[in-house]
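**Student:** Contents of target.csv (CSV, C-alpha atoms and all ligand atoms) are below:
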chain,number,residue,atom,x,y,z
T,1,MET,CA,1.8,-19.6,-27.9
T,2,ALA,CA,2.1,-15.9,-27.2
T,3,ALA,CA,0.4,-14.6,-24.1
T,4,ASP,CA,-2.4,-12.1,-24.5
T,5,PRO,CA,-0.7,-8.8,-23.9
T,6,GLU,CA,-3.8,-7.3,-22.1
T,7,GLN,CA,-3.9,-10.3,-19.7
T,8,THR,CA,-0.2,-10.1,-19.0
T,9,LEU,CA,-0.5,-6.4,-18.3
T,10,VAL,CA,-3.3,-7.1,-15.9
T,11,GLY,CA,-1.1,-9.7,-14.2
T,12,ALA,CA,1.8,-7.3,-13.9
T,13,ARG,CA,-0.4,-4.6,-12.4
T,14,ASP,CA,-1.7,-7.1,-9.9
T,15,ALA,CA,1.8,-8.2,-9.0
T,16,LEU,CA,2.8,-4.5,-8.5
T,17,ARG,CA,-0.3,-3.8,-6.4
T,18,LYS,CA,0.6,-6.7,-4.0
T,19,ALA,CA,4.3,-6.1,-4.0
T,20,HIS,CA,6.2,-5.1,-0.8
T,21,ARG,CA,9.6,-4.9,-2.4
T,22,VAL,CA,10.3,-3.7,-5.9
T,23,VAL,CA,13.6,-3.2,-7.6
T,24,ALA,CA,13.7,-1.0,-10.7
T,25,LEU,CA,16.7,-1.2,-13.1
T,26,VAL,CA,16.7,2.2,-14.7
T,27,GLY,CA,18.4,2.5,-18.1
T,28,GLU,CA,19.8,5.2,-20.3
T,29,SER,CA,16.5,6.3,-21.6
T,30,LEU,CA,15.9,8.1,-18.3
T,31,ALA,CA,19.4,9.7,-18.2
T,32,ALA,CA,19.7,13.4,-17.9
T,33,GLU,CA,21.9,13.6,-21.0
T,34,GLU,CA,19.5,11.6,-23.2
T,35,GLY,CA,18.1,13.7,-25.9
T,36,LEU,CA,20.4,16.7,-25.3
T,37,PRO,CA,21.6,18.4,-28.5
T,38,ASP,CA,25.1,17.6,-29.7
T,39,ALA,CA,27.8,20.1,-28.8
T,40,SER,CA,28.1,23.2,-31.0
T,41,GLU,CA,31.1,23.8,-33.2
T,42,ASP,CA,32.1,26.7,-30.9
T,43,GLU,CA,31.9,24.5,-27.9
T,44,LYS,CA,34.1,21.9,-29.6
T,45,THR,CA,36.7,24.5,-30.6
T,46,GLU,CA,36.8,25.9,-27.1
T,47,ASN,CA,37.1,22.5,-25.4
T,48,SER,CA,38.7,19.8,-27.6
T,49,VAL,CA,37.8,16.9,-25.2
T,50,ILE,CA,34.2,17.2,-26.3
T,51,THR,CA,34.9,15.6,-29.6
T,52,SER,CA,36.1,12.4,-28.0
T,53,LEU,CA,34.0,9.3,-27.6
T,54,PRO,CA,33.2,8.3,-24.0
T,55,GLU,CA,34.9,4.9,-24.5
T,56,GLN,CA,38.1,6.8,-25.6
T,57,MET,CA,37.9,9.5,-22.9
T,58,ALA,CA,36.3,8.0,-19.8
T,59,THR,CA,39.1,5.4,-19.4
T,60,ILE,CA,41.4,4.5,-16.6
T,61,ASP,CA,44.3,5.0,-19.2
T,62,THR,CA,43.3,8.6,-19.8
T,63,PHE,CA,43.1,9.2,-16.1
T,64,ARG,CA,46.6,7.8,-15.6
T,65,ARG,CA,48.1,9.6,-18.6
T,66,ASP,CA,46.3,13.0,-18.4
T,67,PRO,CA,44.0,13.4,-15.4
T,68,ALA,CA,43.3,17.0,-16.3
T,69,ARG,CA,42.0,16.0,-19.7
T,70,LEU,CA,39.6,13.4,-18.1
T,71,TRP,CA,38.5,16.1,-15.6
T,72,ARG,CA,37.8,18.6,-18.4
T,73,TRP,CA,35.5,16.0,-20.0
T,74,TYR,CA,33.6,15.3,-16.8
T,75,LEU,CA,33.3,19.0,-16.0
T,76,TRP,CA,31.8,19.6,-19.4
T,77,ARG,CA,29.3,16.8,-18.7
T,78,ARG,CA,28.4,18.4,-15.4
T,79,GLN,CA,27.9,21.7,-17.1
T,80,ARG,CA,25.8,20.2,-19.8
T,81,ILE,CA,23.4,18.5,-17.3
T,82,ALA,CA,23.3,21.6,-15.0
T,83,ALA,CA,22.4,23.8,-18.0
T,84,ALA,CA,19.8,21.5,-19.5
T,85,PRO,CA,16.1,21.8,-18.7
T,86,ARG,CA,15.5,19.5,-15.8
T,87,ARG,CA,14.2,16.1,-16.9
T,88,THR,CA,11.4,15.0,-14.7
T,89,TRP,CA,11.4,11.4,-13.8
T,90,PRO,CA,8.1,9.5,-14.3
T,91,GLU,CA,5.7,10.5,-11.6
T,92,ALA,CA,4.6,6.9,-11.6
T,93,LEU,CA,8.0,5.9,-10.1
T,94,ALA,CA,7.7,8.4,-7.3
T,95,GLU,CA,4.1,7.2,-6.8
T,96,LEU,CA,5.4,3.6,-6.6
T,97,ALA,CA,8.0,4.6,-4.0
T,98,ARG,CA,5.2,6.1,-1.9
T,99,ARG,CA,3.0,3.0,-2.3
T,100,ILE,CA,5.2,0.1,-1.4
T,101,ASP,CA,7.4,-0.7,1.5
T,102,LYS,CA,10.7,-0.5,-0.3
T,103,LEU,CA,11.7,0.6,-3.8
T,104,THR,CA,15.3,0.2,-4.8
T,105,VAL,CA,16.6,1.8,-8.0
T,106,ILE,CA,19.6,0.2,-9.6
T,107,THR,CA,21.2,2.3,-12.3
T,108,GLU,CA,24.2,2.6,-14.5
T,109,ASN,CA,23.5,6.3,-15.1
T,110,VAL,CA,25.9,8.6,-13.3
T,111,ASP,CA,23.7,11.7,-13.3
T,112,GLY,CA,22.1,11.3,-9.8
T,113,GLN,CA,18.6,11.9,-11.2
T,114,HIS,CA,17.1,9.0,-9.2
T,115,GLY,CA,17.9,10.8,-6.0
T,116,ARG,CA,14.7,12.8,-6.2
T,117,ILE,CA,12.1,10.1,-5.9
T,118,GLY,CA,12.6,8.9,-2.4
T,119,ALA,CA,13.9,5.4,-3.2
T,120,SER,CA,17.2,3.9,-2.1
T,121,SER,CA,19.6,3.6,-5.0
T,122,LEU,CA,22.5,1.6,-6.2
T,123,GLU,CA,24.7,3.5,-8.6
T,124,LEU,CA,26.6,0.8,-10.3
T,125,HIS,CA,28.8,3.2,-12.3
T,126,GLY,CA,29.1,5.8,-9.5
T,127,SER,CA,28.1,9.5,-9.7
T,128,LEU,CA,29.1,12.5,-11.7
T,129,TRP,CA,28.5,14.6,-8.6
T,130,ARG,CA,31.0,12.9,-6.3
T,131,THR,CA,34.8,12.7,-6.1
T,132,ARG,CA,37.1,10.2,-4.6
T,133,CYS,CA,40.6,10.6,-3.4
T,134,THR,CA,43.1,8.2,-5.0
T,135,GLY,CA,45.2,8.4,-1.8
T,136,CYS,CA,43.0,8.4,1.3
T,137,GLY,CA,39.8,7.2,-0.4
T,138,ARG,CA,37.7,10.1,0.9
T,139,VAL,CA,34.4,10.4,-1.1
T,140,ARG,CA,32.9,13.9,-1.4
T,141,ASP,CA,29.9,15.5,-3.0
T,142,ASP,CA,31.0,18.0,-5.6
T,143,ALA,CA,28.6,19.8,-8.0
T,144,ARG,CA,31.1,22.4,-9.2
T,145,ILE,CA,31.4,22.9,-12.9
T,146,VAL,CA,34.7,24.9,-12.6
T,147,LEU,CA,37.5,23.7,-10.4
T,148,PRO,CA,40.3,26.0,-9.0
T,149,GLU,CA,43.0,23.5,-10.1
T,150,LEU,CA,43.0,20.8,-12.7
T,151,PRO,CA,43.4,18.0,-11.9
T,152,PRO,CA,42.2,18.6,-8.3
T,153,SER,CA,44.1,17.3,-5.3
T,154,CYS,CA,42.9,16.2,-1.9
T,155,GLY,CA,42.9,18.9,0.8
T,156,HIS,CA,43.5,16.1,3.4
T,157,CYS,CA,46.4,14.1,1.9
T,158,GLY,CA,47.4,15.9,-1.2
T,159,SER,CA,46.8,13.0,-3.6
T,160,LEU,CA,45.0,13.2,-6.9
T,161,ILE,CA,41.2,13.4,-6.8
T,162,ARG,CA,39.2,11.5,-9.4
T,163,PRO,CA,35.6,11.4,-10.4
T,164,ASP,CA,33.8,8.7,-8.3
T,165,ILE,CA,32.9,6.9,-11.5
T,166,VAL,CA,33.7,3.5,-12.8
T,167,LEU,CA,35.9,4.2,-15.9
T,168,PHE,CA,36.3,2.0,-19.0
T,169,GLY,CA,39.0,-0.5,-18.1
T,170,GLU,CA,37.8,-0.8,-14.5
T,171,SER,CA,35.6,-3.4,-12.9
T,172,LEU,CA,32.3,-2.8,-11.3
T,173,ASP,CA,32.6,-2.6,-7.5
T,174,ALA,CA,32.0,-6.2,-6.3
T,175,ALA,CA,30.4,-5.1,-3.0
T,176,MET,CA,27.9,-2.9,-5.0
T,177,MET,CA,27.0,-5.8,-7.4
T,178,GLU,CA,26.5,-8.0,-4.4
T,179,ARG,CA,24.1,-5.5,-2.9
T,180,ALA,CA,22.3,-5.4,-6.3
T,181,TYR,CA,21.9,-9.1,-6.4
T,182,ARG,CA,20.7,-9.2,-2.8
T,183,SER,CA,18.1,-6.6,-3.4
T,184,VAL,CA,16.9,-8.4,-6.6
T,185,CYS,CA,16.8,-11.6,-4.7
T,186,ALA,CA,14.4,-10.1,-2.2
T,187,ALA,CA,12.1,-8.4,-4.7
T,188,ASP,CA,8.5,-9.3,-5.5
T,189,VAL,CA,8.7,-7.4,-8.7
T,190,PHE,CA,11.8,-6.5,-10.8
T,191,LEU,CA,11.2,-3.7,-13.3
T,192,VAL,CA,13.5,-3.2,-16.2
T,193,LEU,CA,12.9,0.4,-17.4
T,194,GLY,CA,14.3,1.6,-20.7
T,195,ALA,CA,17.5,-0.4,-20.4
T,196,GLY,CA,17.6,-0.7,-24.2
T,197,ALA,CA,19.8,-3.3,-25.8
T,198,THR,CA,22.8,-2.8,-23.5
T,199,GLY,CA,22.4,-6.4,-22.3
T,200,GLU,CA,24.3,-6.4,-19.0
T,201,PRO,CA,23.7,-6.3,-16.1
T,202,ALA,CA,20.0,-6.3,-17.0
T,203,ALA,CA,20.0,-9.9,-18.3
T,204,SER,CA,21.9,-11.3,-15.3
T,205,LEU,CA,19.8,-9.4,-12.8
T,206,ALA,CA,16.6,-10.3,-14.5
T,207,GLY,CA,17.6,-14.0,-14.6
T,208,TYR,CA,18.4,-13.9,-11.0
T,209,ALA,CA,15.2,-12.2,-10.2
T,210,ARG,CA,13.1,-14.9,-12.0
T,211,GLU,CA,15.0,-17.7,-10.3
T,212,ASN,CA,14.1,-16.1,-7.0
T,213,GLY,CA,10.5,-15.9,-7.8
T,214,ALA,CA,10.1,-12.3,-8.8
T,215,VAL,CA,7.7,-11.1,-11.5
T,216,VAL,CA,10.0,-9.5,-14.1
T,217,VAL,CA,8.4,-6.6,-16.0
T,218,GLU,CA,10.3,-4.8,-18.8
T,219,VAL,CA,9.1,-1.5,-20.1
T,220,ASP,CA,10.8,-0.3,-23.3
T,221,ALA,CA,9.9,1.6,-26.5
T,222,GLU,CA,11.8,-1.1,-28.4
T,223,ARG,CA,12.1,-4.9,-28.0
T,224,THR,CA,15.4,-5.9,-26.4
T,225,PRO,CA,17.3,-9.2,-26.1
T,226,LEU,CA,15.5,-9.5,-22.8
T,227,SER,CA,12.0,-9.0,-24.0
T,228,ASP,CA,11.2,-12.7,-24.8
T,229,PHE,CA,12.5,-13.8,-21.5
T,230,VAL,CA,10.7,-11.5,-19.0
T,231,THR,CA,7.4,-12.3,-17.4
T,232,VAL,CA,5.8,-9.3,-19.0
T,233,PHE,CA,7.1,-7.0,-21.7
T,234,VAL,CA,5.3,-3.6,-21.9
T,235,HIS,CA,6.0,-2.2,-25.3
T,236,ALA,CA,5.9,1.6,-24.5
T,237,GLU,CA,8.0,4.6,-23.5
T,238,VAL,CA,8.9,4.3,-19.9
T,239,ASP,CA,6.6,7.1,-18.7
T,240,ARG,CA,3.5,5.7,-20.5
T,241,GLY,CA,4.2,2.1,-19.7
T,242,LEU,CA,4.6,2.9,-16.0
T,243,ASP,CA,1.4,4.9,-16.0
T,244,ALA,CA,-0.4,1.8,-17.5
T,245,LEU,CA,1.1,-0.5,-14.9
T,246,LEU,CA,0.1,1.7,-12.0
T,247,ALA,CA,-3.4,2.5,-13.3
T,248,PRO,CA,-6.2,1.4,-11.0
T,249,PRO,CA,-7.8,-1.9,-12.2
T,250,ALA,CA,-10.5,-1.3,-14.8
T,251,ALA,CA,-14.0,-2.0,-13.8
T,252,ASP,CA,-15.1,-5.5,-14.8
T,253,PRO,CA,-16.9,-5.1,-18.1
T,254,GLY,CA,-18.9,-8.3,-17.7
H,1,ZN,ZN,43.1,12.2,0.2
Now that the file is in, can you turn its structure into structure tokens?
**Tutor:**
Amino acid sequence: MAADPEQTLVGARDALRKAHRVVALVGESLAAEEGLPDASEDEKTENSVITSLPEQMATIDTFRRDPARLWRWYLWRRQRIAAAPRRTWPEALAELARRIDKLTVITENVDGQHGRIGASSLELHGSLWRTRCTGCGRVRDDARIVLPELPPSCGHCGSLIRPDIVLFGESLDAAMMERAYRSVCAADVFLVLGAGATGEPAASLAGYARENGAVVVEVDAERTPLSDFVTVFVHAEVDRGLDALLAPPAADPG
């Protein structure tokens, strides 16, 4: 028998109010590039990498074969995000970060958006705004949209510099995943926010959270493969769903 949605929402609200540790898995629907218009024909003519699909361009093969080409693609993405009207993250998430002892954001987005809400974060796929040296391993912040040389090389050891991003054809960092599982294991509530139908790692993390006693709450505008499996599914856009979850308890009508 299906649970009464109102009752489950009340339960989720209650769990969030009592929670000390919350982990939020943040999906693509909160990404900076979500909803940006497609590149114009002029842009495409000027920069041919734009027409490529991410799964063709953002690969370790492209980096090995033609690192400058891969860099041109990532610089275009930096430029696009920098020029876009700033997307604000749900105020409710910042409010949650203020309210509870510890909020950890886990995300596959590489846009660094989550840095602004005062939560600790685990960027499973890395960041568009960092580079890593393929020689000495130095990691640096880098928000430039134009680089003096392509591909860039390390000022310290002279080796090739790459985006600090997990490319197609590469595995997720095992230590990072370990940290993700550990934070989920310690969570009172695990929020899955706009993760869509991507499947992993949402499903594994959610399963792990439930096994370890967390209340798993999914907020999504569409049902996903996870929706039947979570403790509470909130059928709403992330902003609105989070507002509903953090609203003060309604006065008892009876
Ligand atoms: Zn180096």
**Student:** Select the residues contacting ligand ZN 1 (chain H) at a distance of at most 7 Å, based on all atoms listed in the file, then format the selection as an MDAnalysis selection string.
**Tutor:** chainID T and resid 133:138 154:159
**Student:** Would you mind telling me which residue in T:Pro249, T:Thr231, T:Gly169, T:Ala32 lies nearest to Trp89 (chain T) when using all atoms listed in the file?
**Tutor:**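 Under the stated criterion, the closest residue is T:Ala32.
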**Student:** Using all atoms listed in the file, which residues sit within 7 Å of Asp142 (chain T) once same-chain residues fewer than 6 positions away are excluded, as a VMD selection string?
**Tutor:** chain T and resid 129 to 131
**Student:** When you count only C-alpha atoms, which of these residues is closest to Gln79 (chain T): T:Asp228, T:Thr51, T:Glu43, T:Glu222?
**Tutor:**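 Of T:Asp228, T:Thr51, T:Glu43, T:Glu222, the one nearest Gln79 (chain T) is T:Glu43, counting only C-alpha atoms.
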**Student:** Of the candidates T:Ala209, T:Val234, T:Val189, T:Val105, which shows the shortest atom-to-atom distance to Val26 (chain T), using all atoms listed in the file?
**Tutor:**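 Checking each of T:Ala209, T:Val234, T:Val189, T:Val105 against Val26 (chain T), counting all atoms listed in the file, the winner is T:Val105.
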**Student:** Kindly indicate which residue among T:Leu205, T:Leu150, T:Val184, T:Leu167 lies nearest to Leu128 (chain T), using all atoms listed in the file for the distances.
**Tutor:**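 Nearest candidate to Leu128 (chain T) out of T:Leu205, T:Leu150, T:Val184, T:Leu167: T:Leu167.
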**Student:** Would you fill out region 209-231 of chain T with N, CA and C atoms and return it as a JSON list (two decimals), in the coordinates of the input?
**Tutor:**
[["chain", "number", "residue", "atom", "x", "y", "z"],
["T", 209, "ALA", "N", 16.46, -12.55, -10.73],
["T", 209, "ALA", "CA", 15.20, -12.20, -10.20],
["T", 209, "ALA", "C", 14.14, -13.29, -10.41],
["T", 210, "ARG", "N", 14.11, -13.80, -11.63],
["T", 210, "ARG", "CA", 13.10, -14.90, -12.00],
["T", 210, "ARG", "C", 13.41, -16.12, -11.18],
["T", 211, "GLU", "N", 14.69, -16.49, -11.10],
["T", 211, "GLU", "CA", 15.00, -17.70, -10.30],
["T", 211, "GLU", "C", 14.58, -17.58, -8.90],
["T", 212, "ASN", "N", 14.53, -16.36, -8.41],
["T", 212, "ASN", "CA", 14.10, -16.10, -7.00],
["T", 212, "ASN", "C", 12.67, -15.79, -6.87],
["T", 213, "GLY", "N", 11.92, -16.01, -7.92],
["T", 213, "GLY", "CA", 10.50, -15.90, -7.80],
["T", 213, "GLY", "C", 9.86, -14.55, -8.07],
["T", 214, "ALA", "N", 10.65, -13.59, -8.52],
["T", 214, "ALA", "CA", 10.10, -12.30, -8.80],
["T", 214, "ALA", "C", 9.36, -12.26, -10.15],
["T", 215, "VAL", "N", 8.35, -11.40, -10.23],
["T", 215, "VAL", "CA", 7.70, -11.10, -11.50],
["T", 215, "VAL", "C", 8.64, -10.09, -12.21],
["T", 216, "VAL", "N", 9.11, -10.40, -13.41],
["T", 216, "VAL", "CA", 10.00, -9.50, -14.10],
["T", 216, "VAL", "C", 9.24, -8.75, -15.19],
["T", 217, "VAL", "N", 9.19, -7.43, -15.08],
["T", 217, "VAL", "CA", 8.40, -6.60, -16.00],
["T", 217, "VAL", "C", 9.39, -5.68, -16.74],
["T", 218, "GLU", "N", 9.43, -5.76, -18.05],
["T", 218, "GLU", "CA", 10.30, -4.80, -18.80],
["T", 218, "GLU", "C", 9.39, -3.81, -19.51],
["T", 219, "VAL", "N", 9.78, -2.55, -19.39],
["T", 219, "VAL", "CA", 9.10, -1.50, -20.10],
["T", 219, "VAL", "C", 10.12, -0.86, -21.05],
["T", 220, "ASP", "N", 9.84, -0.91, -22.34],
["T", 220, "ASP", "CA", 10.80, -0.30, -23.30],
["T", 220, "ASP", "C", 10.07, 0.04, -24.58],
["T", 221, "ALA", "N", 10.53, 1.12, -25.21],
["T", 221, "ALA", "CA", 9.90, 1.60, -26.50],
["T", 221, "ALA", "C", 10.27, 0.58, -27.60],
["T", 222, "GLU", "N", 11.37, -0.14, -27.43],
["T", 222, "GLU", "CA", 11.80, -1.10, -28.40],
["T", 222, "GLU", "C", 11.94, -2.49, -27.76],
["T", 223, "ARG", "N", 11.73, -3.54, -28.53],
["T", 223, "ARG", "CA", 12.10, -4.90, -28.00],
["T", 223, "ARG", "C", 13.56, -4.96, -27.75],
["T", 224, "THR", "N", 13.96, -5.69, -26.75],
["T", 224, "THR", "CA", 15.40, -5.90, -26.40],
["T", 224, "THR", "C", 15.68, -7.37, -26.36],
["T", 225, "PRO", "N", 16.95, -7.72, -26.24],
["T", 225, "PRO", "CA", 17.30, -9.20, -26.10],
["T", 225, "PRO", "C", 16.56, -9.80, -24.91],
["T", 226, "LEU", "N", 16.13, -8.97, -23.99],
["T", 226, "LEU", "CA", 15.50, -9.50, -22.80],
["T", 226, "LEU", "C", 14.02, -9.74, -22.92],
["T", 227, "SER", "N", 13.42, -9.09, -23.92],
["T", 227, "SER", "CA", 12.00, -9.00, -24.00],
["T", 227, "SER", "C", 11.25, -10.37, -24.03],
["T", 228, "ASP", "N", 11.88, -11.36, -24.70],
["T", 228, "ASP", "CA", 11.20, -12.70, -24.80],
["T", 228, "ASP", "C", 11.36, -13.47, -23.53],
["T", 229, "PHE", "N", 12.15, -12.98, -22.65],
["T", 229, "PHE", "CA", 12.50, -13.80, -21.50],
["T", 229, "PHE", "C", 11.84, -13.31, -20.22],
["T", 230, "VAL", "N", 11.35, -12.06, -20.23],
["T", 230, "VAL", "CA", 10.70, -11.50, -19.00],
["T", 230, "VAL", "C", 9.32, -12.05, -18.83],
["T", 231, "THR", "N", 8.76, -11.88, -17.64],
["T", 231, "THR", "CA", 7.40, -12.30, -17.40],
["T", 231, "THR", "C", 6.42, -11.51, -18.24]]
